[in-house]
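Chemist: Following this line is work31.cif, made up of mmCIF, C-alpha atoms:
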data_final
loop_
_atom_site.label_atom_id
_atom_site.label_comp_id
_atom_site.auth_asym_id
_atom_site.auth_seq_id
_atom_site.Cartn_x
_atom_site.Cartn_y
_atom_site.Cartn_z
CA MET A 13 6.48 22.72 0.87
CA GLY A 14 8.92 25.48 0.04
CA PRO A 15 9.79 27.26 -3.21
CA HIS A 16 11.62 24.27 -4.69
CA TRP A 17 9.07 21.59 -3.79
CA GLN A 18 5.88 22.27 -5.68
CA PHE A 19 4.22 18.95 -4.85
CA LEU A 20 0.53 18.42 -4.45
CA LEU A 21 -0.32 15.14 -2.77
CA VAL A 22 -3.80 13.70 -2.34
CA CYS A 23 -3.91 10.70 -0.02
CA ASN A 24 -7.16 8.97 0.86
CA THR A 25 -7.86 5.68 2.63
CA TRP A 26 -10.44 3.09 1.62
CA TYR A 27 -11.95 0.28 3.60
CA PHE A 28 -11.84 -2.53 1.08
CA HIS A 29 -9.26 -4.58 -0.73
CA GLY A 30 -7.40 -3.50 -3.82
CA PRO A 31 -6.50 -6.32 -6.22
CA TYR A 32 -8.79 -9.29 -5.72
CA ASN A 33 -8.79 -11.23 -8.95
CA SER A 34 -6.36 -13.26 -11.01
CA LEU A 35 -4.64 -10.26 -12.58
CA ILE A 36 -2.00 -7.93 -11.19
CA SER A 37 -3.83 -5.31 -13.24
CA GLY A 38 -6.77 -5.86 -10.90
CA ASP A 39 -5.43 -3.18 -8.57
CA ASN A 40 -8.46 -0.90 -8.50
CA LYS A 41 -6.67 1.57 -6.23
CA GLY A 42 -3.89 1.88 -8.77
CA ALA A 43 -6.51 2.51 -11.42
CA ALA A 44 -8.17 5.17 -9.25
CA ALA A 45 -4.85 6.92 -8.69
CA ARG A 46 -4.10 6.89 -12.42
CA PHE A 47 -7.56 8.30 -13.24
CA MET A 48 -7.12 11.08 -10.71
CA GLU A 49 -3.63 12.03 -11.86
CA ASP A 50 -4.79 12.12 -15.48
CA TRP A 51 -7.80 14.21 -14.48
CA TYR A 52 -5.66 16.69 -12.57
CA GLU A 53 -3.14 16.94 -15.39
CA LYS A 54 -5.86 17.80 -17.89
CA ASN A 55 -8.30 19.87 -15.89
CA ALA A 56 -6.94 21.40 -12.69
CA PHE A 57 -5.14 24.70 -12.32
CA LYS A 58 -1.65 24.88 -10.88
CA ASN A 59 -1.79 24.00 -7.18
CA ASP A 60 -5.59 24.29 -7.29
CA PHE A 61 -8.30 21.81 -8.14
CA GLY A 62 -10.56 24.67 -9.09
CA SER A 63 -13.59 22.83 -7.63
CA ARG A 64 -13.86 20.82 -10.79
CA SER A 65 -15.89 17.64 -10.92
CA PRO A 66 -15.20 14.73 -13.27
CA GLU A 67 -18.43 15.50 -15.11
CA LYS A 68 -17.70 19.23 -15.57
CA SER A 69 -14.14 18.59 -16.67
CA GLY A 70 -15.08 16.05 -19.30
CA ALA A 71 -13.86 13.00 -17.42
CA ALA A 72 -17.24 11.25 -17.45
CA GLY A 73 -15.93 8.76 -19.96
CA ILE A 74 -13.09 7.15 -18.02
CA PRO A 75 -10.95 5.22 -20.53
CA ARG A 76 -11.27 1.47 -20.24
CA ARG A 77 -7.59 0.78 -20.59
CA LYS A 78 -5.07 -1.55 -19.08
CA PRO A 79 -2.87 0.27 -16.56
CA SER A 80 0.57 1.12 -17.90
CA ILE A 81 3.33 -0.75 -16.10
CA ILE A 82 5.86 1.94 -17.03
CA ALA A 83 4.30 5.29 -16.15
CA ASN A 84 5.44 8.76 -17.17
CA LEU A 85 7.25 9.62 -13.97
CA LEU A 86 8.40 13.05 -15.06
CA LYS A 87 7.47 15.48 -17.79
CA THR A 88 10.50 17.69 -17.35
CA SER A 89 13.76 18.25 -19.14
CA PHE A 90 17.08 18.11 -17.36
CA PRO A 91 20.71 17.49 -18.21
CA GLY A 92 21.84 13.90 -18.36
CA LYS A 93 24.74 12.35 -16.54
CA PRO A 94 26.19 8.87 -16.15
CA GLY A 95 24.35 6.59 -13.77
CA THR A 96 26.40 5.35 -10.81
CA LYS A 97 25.76 3.54 -7.58
CA SER A 98 26.58 6.65 -5.57
CA SER A 99 24.07 8.74 -7.54
CA SER A 100 20.89 6.87 -6.74
CA ILE A 101 17.73 7.10 -8.79
CA ALA A 102 16.00 8.76 -5.84
CA ARG A 103 18.55 11.59 -5.78
CA ARG A 104 18.33 12.10 -9.54
CA VAL A 105 14.55 12.24 -9.39
CA ARG A 106 14.63 14.76 -6.54
CA ASN A 107 17.04 16.95 -8.47
CA ALA A 108 14.82 16.76 -11.52
CA LEU A 109 11.73 17.74 -9.58
CA ARG A 110 13.47 20.75 -8.12
CA GLN A 111 13.94 21.95 -11.68
CA ALA A 112 10.34 21.40 -12.67
CA ASP A 113 8.37 24.42 -13.77
CA LYS A 114 5.00 23.17 -12.59
CA SER A 115 3.53 21.27 -9.69
CA GLN A 116 4.01 17.54 -9.52
CA PHE A 117 0.72 15.94 -8.54
CA VAL A 118 0.65 12.56 -6.81
CA SER A 119 -2.52 10.69 -5.97
CA ALA A 120 -2.50 7.85 -3.42
CA PHE A 121 -5.40 5.51 -2.72
CA CYS A 122 -4.43 3.61 0.41
CA GLN A 123 -5.84 0.62 2.25
CA SER A 124 -7.22 0.95 5.75
CA ASN A 125 -8.98 -1.81 7.74
CA VAL A 126 -9.74 -3.98 4.73
CA GLY A 127 -9.79 -7.42 6.34
CA ASP A 128 -13.34 -8.38 5.39
CA ALA A 129 -14.28 -5.95 2.61
CA SER A 130 -14.19 -6.93 -1.05
CA PRO A 131 -14.54 -5.08 -4.37
CA ASN A 132 -16.34 -8.12 -5.77
CA VAL A 133 -19.67 -6.49 -5.07
CA LEU A 134 -21.96 -8.81 -7.03
CA GLY A 135 -21.46 -11.60 -4.50
CA ALA A 136 -20.09 -15.13 -4.68
CA PHE A 137 -21.13 -17.57 -7.42
CA CYS A 138 -20.28 -21.10 -8.49
CA VAL A 139 -18.08 -20.81 -11.56
CA ASP A 140 -19.37 -24.07 -13.06
CA ILE A 141 -23.13 -23.43 -12.93
CA GLY A 142 -23.36 -19.68 -12.40
CA MET A 143 -25.58 -19.98 -9.32
CA PRO A 144 -24.93 -18.31 -5.96
CA CYS A 145 -22.68 -20.23 -3.57
CA ASP A 146 -24.04 -21.72 -0.38
CA PHE A 147 -24.61 -18.62 1.74
CA ASN A 148 -23.57 -20.12 5.07
CA LEU A 149 -20.60 -22.20 3.93
CA SER A 150 -19.39 -20.36 0.79
CA THR A 151 -19.16 -23.64 -1.08
CA CYS A 152 -20.38 -25.20 -4.34
CA HIS A 153 -21.45 -28.86 -4.20
CA GLY A 154 -19.83 -29.05 -0.76
CA LYS A 155 -16.45 -27.72 -1.97
CA ASN A 156 -14.98 -24.24 -1.76
CA GLU A 157 -12.73 -24.35 -4.83
CA LEU A 158 -15.50 -23.30 -7.24
CA CYS A 159 -16.93 -20.44 -5.19
CA TYR A 160 -15.65 -17.08 -6.41
CA GLY A 161 -16.70 -13.49 -5.88
CA GLN A 162 -17.70 -11.46 -8.92
CA GLY A 163 -16.85 -7.84 -9.57
CA PRO A 164 -19.23 -5.32 -11.17
CA GLY A 165 -17.78 -5.93 -14.64
CA TYR A 166 -17.93 -9.72 -14.50
CA SER A 167 -16.61 -11.59 -16.42
CA ASP A 168 -14.17 -8.93 -17.63
CA GLU A 169 -11.73 -8.36 -14.77
CA PHE A 170 -10.24 -5.30 -16.44
CA GLU A 171 -13.72 -3.78 -16.56
CA SER A 172 -14.33 -4.56 -12.87
CA THR A 173 -11.04 -2.89 -12.01
CA CYS A 174 -11.97 0.23 -13.98
CA ILE A 175 -15.47 0.45 -12.48
CA ILE A 176 -14.30 0.15 -8.87
CA GLY A 177 -11.36 2.47 -9.54
CA GLU A 178 -13.65 5.05 -11.14
CA ARG A 179 -16.02 4.98 -8.16
CA GLN A 180 -13.16 5.73 -5.79
CA PHE A 181 -11.81 8.44 -8.08
CA ARG A 182 -15.15 10.24 -8.32
CA LYS A 183 -15.70 10.13 -4.57
CA ALA A 184 -12.20 11.41 -3.92
CA VAL A 185 -12.80 14.39 -6.20
CA GLU A 186 -16.09 15.09 -4.44
CA LEU A 187 -14.38 15.04 -1.04
CA ILE A 188 -11.60 17.31 -2.19
CA ASN A 189 -13.96 19.85 -3.70
CA THR A 190 -16.06 20.00 -0.52
CA ALA A 191 -13.22 19.90 2.03
CA SER A 192 -13.30 22.81 4.45
CA GLU A 193 -11.29 21.72 7.49
CA GLN A 194 -7.63 22.69 7.71
CA LEU A 195 -5.07 20.65 9.64
CA LYS A 196 -3.56 22.72 12.44
CA GLY A 197 -1.14 21.73 15.16
CA LYS A 198 1.96 19.68 15.74
CA VAL A 199 3.60 17.13 13.50
CA ASP A 200 4.78 14.21 15.63
CA TYR A 201 5.07 10.45 15.81
CA ARG A 202 5.79 7.55 18.17
CA GLN A 203 6.88 4.01 17.31
CA ALA A 204 7.65 0.93 19.35
CA TYR A 205 8.12 -2.79 18.85
CA VAL A 206 5.88 -5.25 20.67
CA ASP A 207 6.23 -8.99 21.16
CA LEU A 208 2.71 -10.25 20.53
CA SER A 209 3.51 -13.91 21.14
CA GLU A 210 2.73 -13.87 24.88
CA LEU A 211 1.61 -10.36 25.69
CA GLU A 212 -0.47 -9.76 28.79
CA VAL A 213 -3.62 -7.83 27.93
CA THR A 214 -5.90 -6.10 30.41
CA ILE A 215 -9.54 -6.76 29.47
CA GLN A 216 -12.48 -4.85 30.94
CA LYS A 217 -15.32 -7.13 32.03
CA ASP A 218 -18.90 -6.42 31.05
CA GLY A 219 -20.02 -6.32 34.67
CA GLY A 220 -17.14 -4.12 35.78
CA GLY A 221 -13.60 -4.80 36.85
CA TYR A 222 -10.70 -6.13 34.82
CA GLU A 223 -9.04 -9.43 34.01
CA ILE A 224 -5.67 -10.34 32.53
CA GLU A 225 -5.52 -12.44 29.37
CA LYS A 226 -2.58 -13.37 27.15
CA THR A 227 -2.02 -13.53 23.44
CA CYS A 228 -0.73 -16.74 21.84
CA PRO A 229 2.45 -17.61 19.95
CA ALA A 230 1.89 -16.82 16.28
CA ALA A 231 0.42 -19.60 14.18
CA MET A 232 -1.92 -20.08 11.25
CA GLY A 233 -5.07 -22.07 11.96
CA PHE A 234 -6.66 -24.82 9.87
CA ASP A 235 -9.47 -22.53 8.73
CA PHE A 236 -6.91 -20.40 6.90
CA ALA A 237 -6.75 -23.09 4.20
CA ALA A 238 -10.35 -22.44 3.17
CA GLY A 239 -9.39 -19.01 1.86
CA THR A 240 -12.19 -16.63 0.92
CA THR A 241 -14.63 -16.25 -1.95
CA ASP A 242 -12.08 -13.87 -3.47
CA GLY A 243 -9.42 -16.57 -3.35
CA PRO A 244 -10.55 -20.06 -2.27
CA GLY A 245 -8.05 -22.53 -0.89
CA ALA A 246 -7.10 -25.39 -3.17
CA PHE A 247 -4.76 -27.70 -1.27
CA ASP A 248 -4.31 -29.64 1.92
CA PHE A 249 -3.02 -27.37 4.66
CA LYS A 250 -1.27 -27.87 7.96
CA PRO A 251 -0.75 -25.03 10.45
CA ALA A 252 2.74 -23.58 10.82
CA ASP A 253 4.47 -21.30 13.28
CA ASP A 254 6.84 -19.61 10.84
CA THR A 255 5.24 -16.23 11.44
CA PRO A 256 6.37 -12.94 13.01
CA SER A 257 6.15 -12.31 16.75
CA VAL A 258 7.83 -8.92 17.24
CA LEU A 259 5.96 -6.24 15.32
CA PRO A 260 6.10 -2.44 14.99
CA VAL A 261 3.22 -0.23 16.13
CA GLN A 262 3.30 3.41 15.10
CA ILE A 263 1.17 6.52 15.52
CA LEU A 264 1.59 9.59 13.31
CA ARG A 265 0.22 13.05 13.97
CA MET A 266 -0.47 15.93 11.59
CA GLY A 267 -2.44 18.44 13.61
CA GLN A 268 -5.79 16.87 14.46
CA LEU A 269 -5.22 14.00 12.01
CA ILE A 270 -3.98 10.82 13.69
CA THR A 271 -2.81 7.86 11.61
CA LEU A 272 -2.41 4.41 13.17
CA SER A 273 0.12 2.29 11.30
CA VAL A 274 -1.04 -1.28 11.82
CA PRO A 275 1.09 -4.23 10.57
CA GLY A 276 -1.94 -6.27 9.54
CA GLU A 277 -5.43 -6.28 8.06
CA LEU A 278 -8.18 -5.39 10.51
CA THR A 279 -11.79 -6.21 9.77
CA THR A 280 -14.34 -3.42 9.48
CA THR A 281 -15.55 -3.74 13.07
CA ALA A 282 -12.08 -4.33 14.49
CA GLY A 283 -10.93 -1.12 12.85
CA ARG A 284 -13.82 0.82 14.34
CA CYS A 285 -13.00 -0.51 17.79
CA LEU A 286 -9.34 0.49 17.48
CA ARG A 287 -10.11 3.98 16.18
CA ASP A 288 -12.72 4.63 18.87
CA ALA A 289 -10.39 3.44 21.64
CA VAL A 290 -7.50 5.66 20.49
CA LYS A 291 -9.80 8.64 20.02
CA MET A 292 -11.07 8.22 23.58
CA VAL A 293 -7.50 8.25 24.92
CA LEU A 294 -6.63 11.36 22.92
CA THR A 295 -9.70 13.37 23.89
CA SER A 296 -9.47 12.43 27.57
CA GLY A 297 -5.76 13.22 27.79
CA GLY A 298 -6.34 16.14 30.11
CA ASN A 299 -4.57 18.99 28.33
CA GLY A 300 -7.45 19.80 25.97
CA GLU A 301 -5.23 19.59 22.90
CA PHE A 302 -7.57 17.11 21.23
CA ASN A 303 -11.34 17.44 21.10
CA SER A 304 -14.20 15.94 19.13
CA ASN A 305 -12.71 17.12 15.83
CA VAL A 306 -9.75 14.72 16.04
CA ARG A 307 -9.66 12.39 13.03
CA VAL A 308 -8.27 8.89 13.53
CA VAL A 309 -7.54 6.78 10.47
CA ILE A 310 -5.89 3.40 10.07
CA ALA A 311 -3.08 2.71 7.62
CA GLY A 312 -3.27 -1.04 7.20
CA LEU A 313 -0.50 -3.44 6.18
CA THR A 314 2.11 -0.92 7.36
CA ASN A 315 5.79 -1.46 8.29
CA ALA A 316 5.28 -5.24 8.57
CA TYR A 317 2.64 -7.89 7.88
CA SER A 318 0.96 -10.21 10.36
CA GLN A 319 -2.15 -11.46 8.57
CA TYR A 320 -5.64 -10.51 9.80
CA VAL A 321 -7.07 -9.03 12.98
CA THR A 322 -10.66 -9.74 14.01
CA THR A 323 -12.79 -8.90 17.01
CA PHE A 324 -13.18 -11.46 19.77
CA GLU A 325 -16.63 -12.32 18.40
CA GLU A 326 -15.37 -12.75 14.83
CA TYR A 327 -12.39 -14.89 15.80
CA GLN A 328 -12.28 -18.33 14.13
CA GLY A 329 -8.66 -19.31 14.62
CA ALA A 330 -7.74 -18.91 10.96
CA SER A 331 -5.50 -15.96 10.09
CA THR A 332 -5.61 -14.04 13.37
CA LEU A 333 -2.14 -15.10 14.44
CA TYR A 334 -2.04 -14.30 18.14
CA GLY A 335 -5.33 -15.70 19.31
CA PRO A 336 -8.72 -14.19 20.20
CA TYR A 337 -7.19 -11.27 22.14
CA THR A 338 -5.11 -9.97 19.21
CA LEU A 339 -7.30 -6.91 18.72
CA ASP A 340 -7.30 -6.15 22.45
CA ALA A 341 -3.50 -6.27 22.37
CA TYR A 342 -3.38 -3.73 19.54
CA ILE A 343 -5.89 -1.49 21.33
CA GLN A 344 -3.76 -1.63 24.47
CA GLU A 345 -0.46 -0.89 22.72
CA PHE A 346 -1.81 1.87 20.48
CA GLY A 347 -3.45 3.36 23.56
CA LYS A 348 -0.02 3.58 25.19
CA LEU A 349 1.34 5.39 22.14
CA ALA A 350 -1.60 7.80 22.23
CA VAL A 351 -0.87 8.62 25.87
CA VAL A 352 2.77 9.53 25.21
CA ILE A 353 2.04 11.52 22.07
CA VAL A 354 -0.41 13.64 24.08
CA SER A 355 2.03 14.10 26.95
CA GLY A 356 5.05 14.63 24.69
CA GLN A 357 7.01 11.90 26.44
CA ALA A 358 9.33 9.39 24.82
CA VAL A 359 8.38 5.75 24.35
CA GLU A 360 10.51 2.68 24.96
CA ALA A 361 11.64 1.09 21.73
CA GLY A 362 10.76 -2.42 22.89
CA PRO A 363 12.30 -5.70 21.72
CA GLN A 364 13.93 -5.67 18.30
CA PRO A 365 12.75 -8.13 15.64
CA PRO A 366 15.13 -11.06 15.13
CA ASP A 367 17.45 -11.00 12.12
CA LEU A 368 16.44 -14.03 10.05
CA LEU A 369 18.49 -13.33 6.95
CA HIS A 370 20.81 -16.22 7.70
CA LYS A 371 17.83 -18.58 7.73
CA GLN A 372 16.51 -17.60 4.33
CA ILE A 373 16.82 -20.19 1.62
CA SER A 374 16.60 -19.93 -2.16
CA LEU A 375 15.21 -22.61 -4.43
CA LEU A 376 16.58 -20.90 -7.54
CA PRO A 377 19.68 -22.35 -9.22
CA PRO A 378 22.88 -20.27 -9.04
CA VAL A 379 23.73 -17.78 -11.78
CA VAL A 380 25.93 -19.37 -14.41
CA PHE A 381 29.39 -17.84 -14.13
CA VAL A 382 29.72 -16.87 -17.79
CA PHE A 383 26.55 -14.74 -17.57
CA GLY A 384 27.67 -12.96 -14.41
CA THR A 385 30.87 -11.31 -15.66
CA THR A 386 32.06 -8.82 -18.27
CA PRO A 387 35.12 -8.96 -20.55
CA PRO A 388 38.40 -7.57 -19.18
CA GLY A 389 38.38 -3.78 -19.00
CA VAL A 390 34.60 -3.54 -19.25
CA ASN A 391 32.23 -2.72 -16.40
CA PHE A 392 28.56 -3.27 -16.05
CA ARG A 393 26.57 -0.29 -17.44
CA ASP A 394 29.36 0.62 -19.88
CA VAL A 395 28.02 1.48 -23.30
CA LYS A 396 29.01 -0.99 -26.02
CA LEU A 397 27.31 0.69 -28.98
CA ASP A 398 26.40 4.37 -28.54
CA VAL A 399 24.45 6.80 -30.67
CA PRO A 400 26.71 8.78 -33.03
CA SER A 401 27.29 12.28 -31.69
CA ASN A 402 26.20 13.85 -34.99
CA ALA A 403 23.04 11.76 -35.32
CA THR A 404 19.68 13.46 -35.85
CA PHE A 405 16.26 11.94 -35.30
CA LYS A 406 12.68 12.74 -36.12
CA ARG A 407 10.49 12.81 -33.05
CA GLU A 408 8.13 9.81 -32.70
CA GLU A 409 9.38 8.42 -36.02
CA ASP A 410 12.95 7.19 -35.62
CA THR A 411 14.18 4.54 -33.21
CA VAL A 412 17.26 5.23 -31.10
CA ILE A 413 19.36 2.13 -30.41
CA VAL A 414 21.99 1.90 -27.67
CA THR A 415 23.70 -1.29 -26.47
CA PHE A 416 25.19 -1.49 -22.98
CA TRP A 417 26.78 -4.19 -20.86
CA THR A 418 24.58 -5.89 -18.31
CA ALA A 419 24.27 -9.34 -16.79
CA PHE A 420 21.79 -11.83 -15.51
CA PRO A 421 19.29 -9.79 -13.41
CA ARG A 422 19.82 -11.90 -10.31
CA ASN A 423 23.51 -11.00 -10.38
CA ASP A 424 22.53 -7.66 -8.83
CA LEU A 425 18.91 -6.87 -7.98
CA MET A 426 19.73 -3.15 -7.91
CA ALA A 427 17.81 -2.54 -4.70
CA GLU A 428 17.08 1.18 -4.25
CA ASP A 429 18.59 1.75 -7.70
CA THR A 430 17.90 0.95 -11.34
CA VAL A 431 19.58 -0.76 -14.27
CA ILE A 432 19.26 2.13 -16.69
CA VAL A 433 18.05 5.72 -16.66
CA THR A 434 17.21 7.67 -19.80
CA PHE A 435 17.70 11.44 -19.75
CA ARG A 436 16.64 14.05 -22.25
CA CYS A 437 19.30 16.72 -22.74
CA VAL A 438 18.47 20.29 -23.71
#
Render the structure in this file as structure tokens.
Modeler:
Amino acid sequence: MGPHWQFLLVCNTWYFHGPYNSLISGDNKGAAARFMEDWYEKNAFKNDFGSRSPEKSGAAGIPRRKPSIIANLLKTSFPGKPGTKSSSIARRVRNALRQADKSQFVSAFCQSNVGDASPNVLGAFCVDIGMPCDFNLSTCHGKNELCYGQGPGYSDEFESTCIIGERQFRKAVELINTASEQLKGKVDYRQAYVDLSELEVTIQKDGGGYEIEKTCPAAMGFDFAAGTTDGPGAFDFKPADDTPSVLPVQILRMGQLITLSVPGELTTTAGRCLRDAVKMVLTSGGNGEFNSNVRVVIAGLTNAYSQYVTTFEEYQGASTLYGPYTLDAYIQEFGKLAVVIVSGQAVEAGPQPPDLLHKQISLLPPVVFVFGTTPPGVNFRDVKLDVPSNATFKREEDTVIVTFWTAFPRNDLMAEDTVIVTFRCV
């Protein structure tokens, strides 16, 4: 990536959900990424994995720890400077990385078509009696509230997170160490917006010929209230139409790797159908640029969110917002993007999503005035009590105390910025 950008990024997609328990720490993909970054930091050579396996590098005993909310973003030293709105945290981080002496390794474990895949691999059980739920109805004693899926470390949800995360980590290392295919070719993309509320979709009949069907205005169905065994519903539910209609569809190209950015969660079979359809368009494009080695992957829950996408046969009117032909609509629109990315033509942007900011409401009380201001002559982020310039400290023994002026957090959410940045000066 150039002499000043010594990044190594490993990005892999997985076809099941990340967090699916009552804890935010249940993000098994976050755990997998942390395991892999720790493994690389300890065992891999600079810019080279060295074909090391977790077993050979001593990572067989993955620590059973709770993920750190505040991670070590950088392990570099760089001069400090006052934080300002104009000098965003992103710019300061980029400047710091340019000064880094060694590669910065980032591991990403991403979700693909995860709509019906769960990390709770032991199955669904009744939490009151410990017996399996009704197989056909996913209920206990006729009710769904007590039927929950169990992870491999049940009843310790931290343990389940670590086990599933470790499995992904080990497989990712195996794939990296055995990878032999290099990406070659263009880097390109196409994106458009589509109104899925009443989109005409051309459907091929089984006996030949075509017919025109239409998607439906977005709405949640009654079956949505039942939830799943990973999160049963627990209240009376009425369908609503406060859901998106205009959505982005995007296709990215890196050589023979094609990524479909889908604003929803496709089921396993729906994802296969979409990938196969796009691959067929690419390989039959006529210019021979793509052949059987083209790789099509799905990046789920991307750019927007529109609930779940099932096949026509799986459709139950629950969380598939635009009716039974939702998947066919996505196949049609992604097929159009595939055609233009092969031909090199531009694509029409399509209708723009409506701006609904003026319709948003807040149920939080207003910020009390006295907590939202500073004394005269003082600005937010000004230091009130600083460290003496002649102070000395013992590393990992002394505590450094600095007091600065801030306010109620809702006074400024600091979007794309941060409240405070700590620098180490050398």
Chemist: Running the PyMOL selection byres ((chain A and resi 177) around 6) on this model by hand, what would come out? Give it as a list in words.
Modeler: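 Going through the file, the PyMOL selection byres ((chain A and resi 177) around 6) ends up selecting Asn40, Lys41, Ala43, Ala44, Thr173, Cys174, Ile175, Ile176, Glu178, Arg179 and Gln180 of chain A.
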Chemist: For Lys198 in chain A, which residue out of A:Ile270, A:Ala419, A:Val321, A:Val185 is the nearest one, using all atoms listed in the file?
Modeler: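 The closest residue to Lys198 in chain A is A:Ile270.
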Chemist: Running the PyMOL selection byres ((chain A and resi 344) around 10) on this model by hand, what would come out? Give it as number ranges by chain.
Modeler: A: 212-215, 286, 289-290, 338-343, 345-350
Chemist: Env of Val395 in chain A: 12 Å cut, atoms = all atoms listed in the file, seq-sep filter 5 positions within chain, self excluded. Answer as number ranges by chain.
Modeler: A: 94-95, 390, 413-418, 432
Chemist: So what does the PyMOL selection byres ((chain A and resi 142) around 12) actually pick up in this one, as a list in words?
Modeler: Gly135, Ala136, Phe137, Cys138, Val139, Asp140, Ile141, Met143, Pro144, Cys145, Cys152, Leu158, Cys159, Tyr160, Gly161, Gln162, Tyr166 and Ser167 of chain A
Chemist: Restricting the calculation to all atoms listed in the file: of A:Leu269, A:Val206, A:Leu333, A:Ala120, which residue gets closest to Glu360 in chain A?
Modeler: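 Smallest distance to Glu360 in chain A is found for A:Val206.
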Chemist: Report as a list of chain:residue names all protein, DNA and RNA residues lying within 10 Å of Glu326 in chain A, evaluated on all atoms listed in the file, omitting residues in the same chain fewer than 5 positions from it.
Modeler: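 Non-adjacent residues within range: A:Thr279, A:Thr281, A:Ala282, A:Val321, A:Thr332, A:Pro336.
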Chemist: Do a neighbour search on Val118 in chain A at 10 Å with all atoms listed in the file, toss out local chain neighbours closer than 3 positions, and write the hits as a list in words.
Modeler: Phe19, Leu20, Leu21, Val22, Cys23, Ala45, Arg46, Met48, Glu49, Tyr52 and Ser115 of chain A
Chemist: Output C-alpha atoms of each residue in that selection to a file, as an mmCIF file, in the frame of the given file.
Modeler:
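What follows is the written file out_32.cif:
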data_model
loop_
_atom_site.group_PDB
_atom_site.id
_atom_site.type_symbol
_atom_site.label_atom_id
_atom_site.label_comp_id
_atom_site.auth_asym_id
_atom_site.auth_seq_id
_atom_site.Cartn_x
_atom_site.Cartn_y
_atom_site.Cartn_z
ATOM 1 C CA PHE A 19 4.220 18.950 -4.850
ATOM 2 C CA LEU A 20 0.530 18.420 -4.450
ATOM 3 C CA LEU A 21 -0.320 15.140 -2.770
ATOM 4 C CA VAL A 22 -3.800 13.700 -2.340
ATOM 5 C CA CYS A 23 -3.910 10.700 -0.020
ATOM 6 C CA ALA A 45 -4.850 6.920 -8.690
ATOM 7 C CA ARG A 46 -4.100 6.890 -12.420
ATOM 8 C CA MET A 48 -7.120 11.080 -10.710
ATOM 9 C CA GLU A 49 -3.630 12.030 -11.860
ATOM 10 C CA TYR A 52 -5.660 16.690 -12.570
ATOM 11 C CA SER A 115 3.530 21.270 -9.690
#
Chemist: Using all atoms listed in the file for the distances, tell me which of A:Asn132, A:Gln319, A:Thr295, A:Asn402 is nearest to Phe28 in chain A.
Modeler: A:Asn132
Chemist: Just the residues within 10 Å of Asn24 in chain A, please, counting all atoms listed in the file, with nothing from its chain fewer than 2 positions along; format it as a list in words.
Modeler: Leu21, Val22, Trp26, Ser119, Ala120, Phe121, Cys122, Gln123, Ser124, Gln180, Ala184, Leu187, Ile188 and Val309 of chain A
Chemist: How would the residues just chosen look if you wrote them out with C-alpha atoms as a PDB file, keeping the file's coordinate frame?
Modeler:
ATOM      1  CA  LEU A  21      -0.320  15.140  -2.770  1.00  0.00           C
ATOM      2  CA  VAL A  22      -3.800  13.700  -2.340  1.00  0.00           C
ATOM      3  CA  TRP A  26     -10.440   3.090   1.620  1.00  0.00           C
ATOM      4  CA  SER A 119      -2.520  10.690  -5.970  1.00  0.00           C
ATOM      5  CA  ALA A 120      -2.500   7.850  -3.420  1.00  0.00           C
ATOM      6  CA  PHE A 121      -5.400   5.510  -2.720  1.00  0.00           C
ATOM      7  CA  CYS A 122      -4.430   3.610   0.410  1.00  0.00           C
ATOM      8  CA  GLN A 123      -5.840   0.620   2.250  1.00  0.00           C
ATOM      9  CA  SER A 124      -7.220   0.950   5.750  1.00  0.00           C
ATOM     10  CA  GLN A 180     -13.160   5.730  -5.790  1.00  0.00           C
ATOM     11  CA  ALA A 184     -12.200  11.410  -3.920  1.00  0.00           C
ATOM     12  CA  LEU A 187     -14.380  15.040  -1.040  1.00  0.00           C
ATOM     13  CA  ILE A 188     -11.600  17.310  -2.190  1.00  0.00           C
ATOM     14  CA  VAL A 309      -7.540   6.780  10.470  1.00  0.00           C
TER      15      VAL A 309
END
Chemist: Considering only C-alpha atoms, can you say which of A:Leu264, A:Val354, A:Thr25, A:Asp200 comes closest to Val293 in chain A?
Modeler: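 Smallest distance to Val293 in chain A is found for A:Val354.
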Chemist: Using all atoms listed in the file, which residue out of A:Tyr205, A:Phe435, A:Phe147, A:Phe170 lies closest to Gln364 in chain A?
Modeler: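 Using all atoms listed in the file, the shortest distance to Gln364 in chain A belongs to A:Tyr205.
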Chemist: For the atom pair CA of His29 in chain A and CA of Ala316 in chain A, what is the interatomic distance in Å to one decimal place?
Modeler: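 Distance reported for this atom pair: 17.3 Å.
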Chemist: Using only C-alpha atoms, collect all residues at a distance of at most 10 Å from (-6.7, -5.4, 8.0) as written in the file, then present them as a PyMOL selection string.
Modeler: chain A and resi 27-29+123-129+274-280+282-283+310-314+317-322
Chemist: Which residue, A:Phe117, A:Pro363, A:Tyr327, A:Ser374, has the smallest gap to Gln203 in chain A when you use all atoms listed in the file?
Modeler: A:Pro363
Chemist: Using Å and a single decimal, report how far CA of Ala361 in chain A sits from CA of Val306 in chain A.
Modeler: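 Result for CA of Val306 in chain A versus CA of Ala361 in chain A: 26.0 Å, one decimal.
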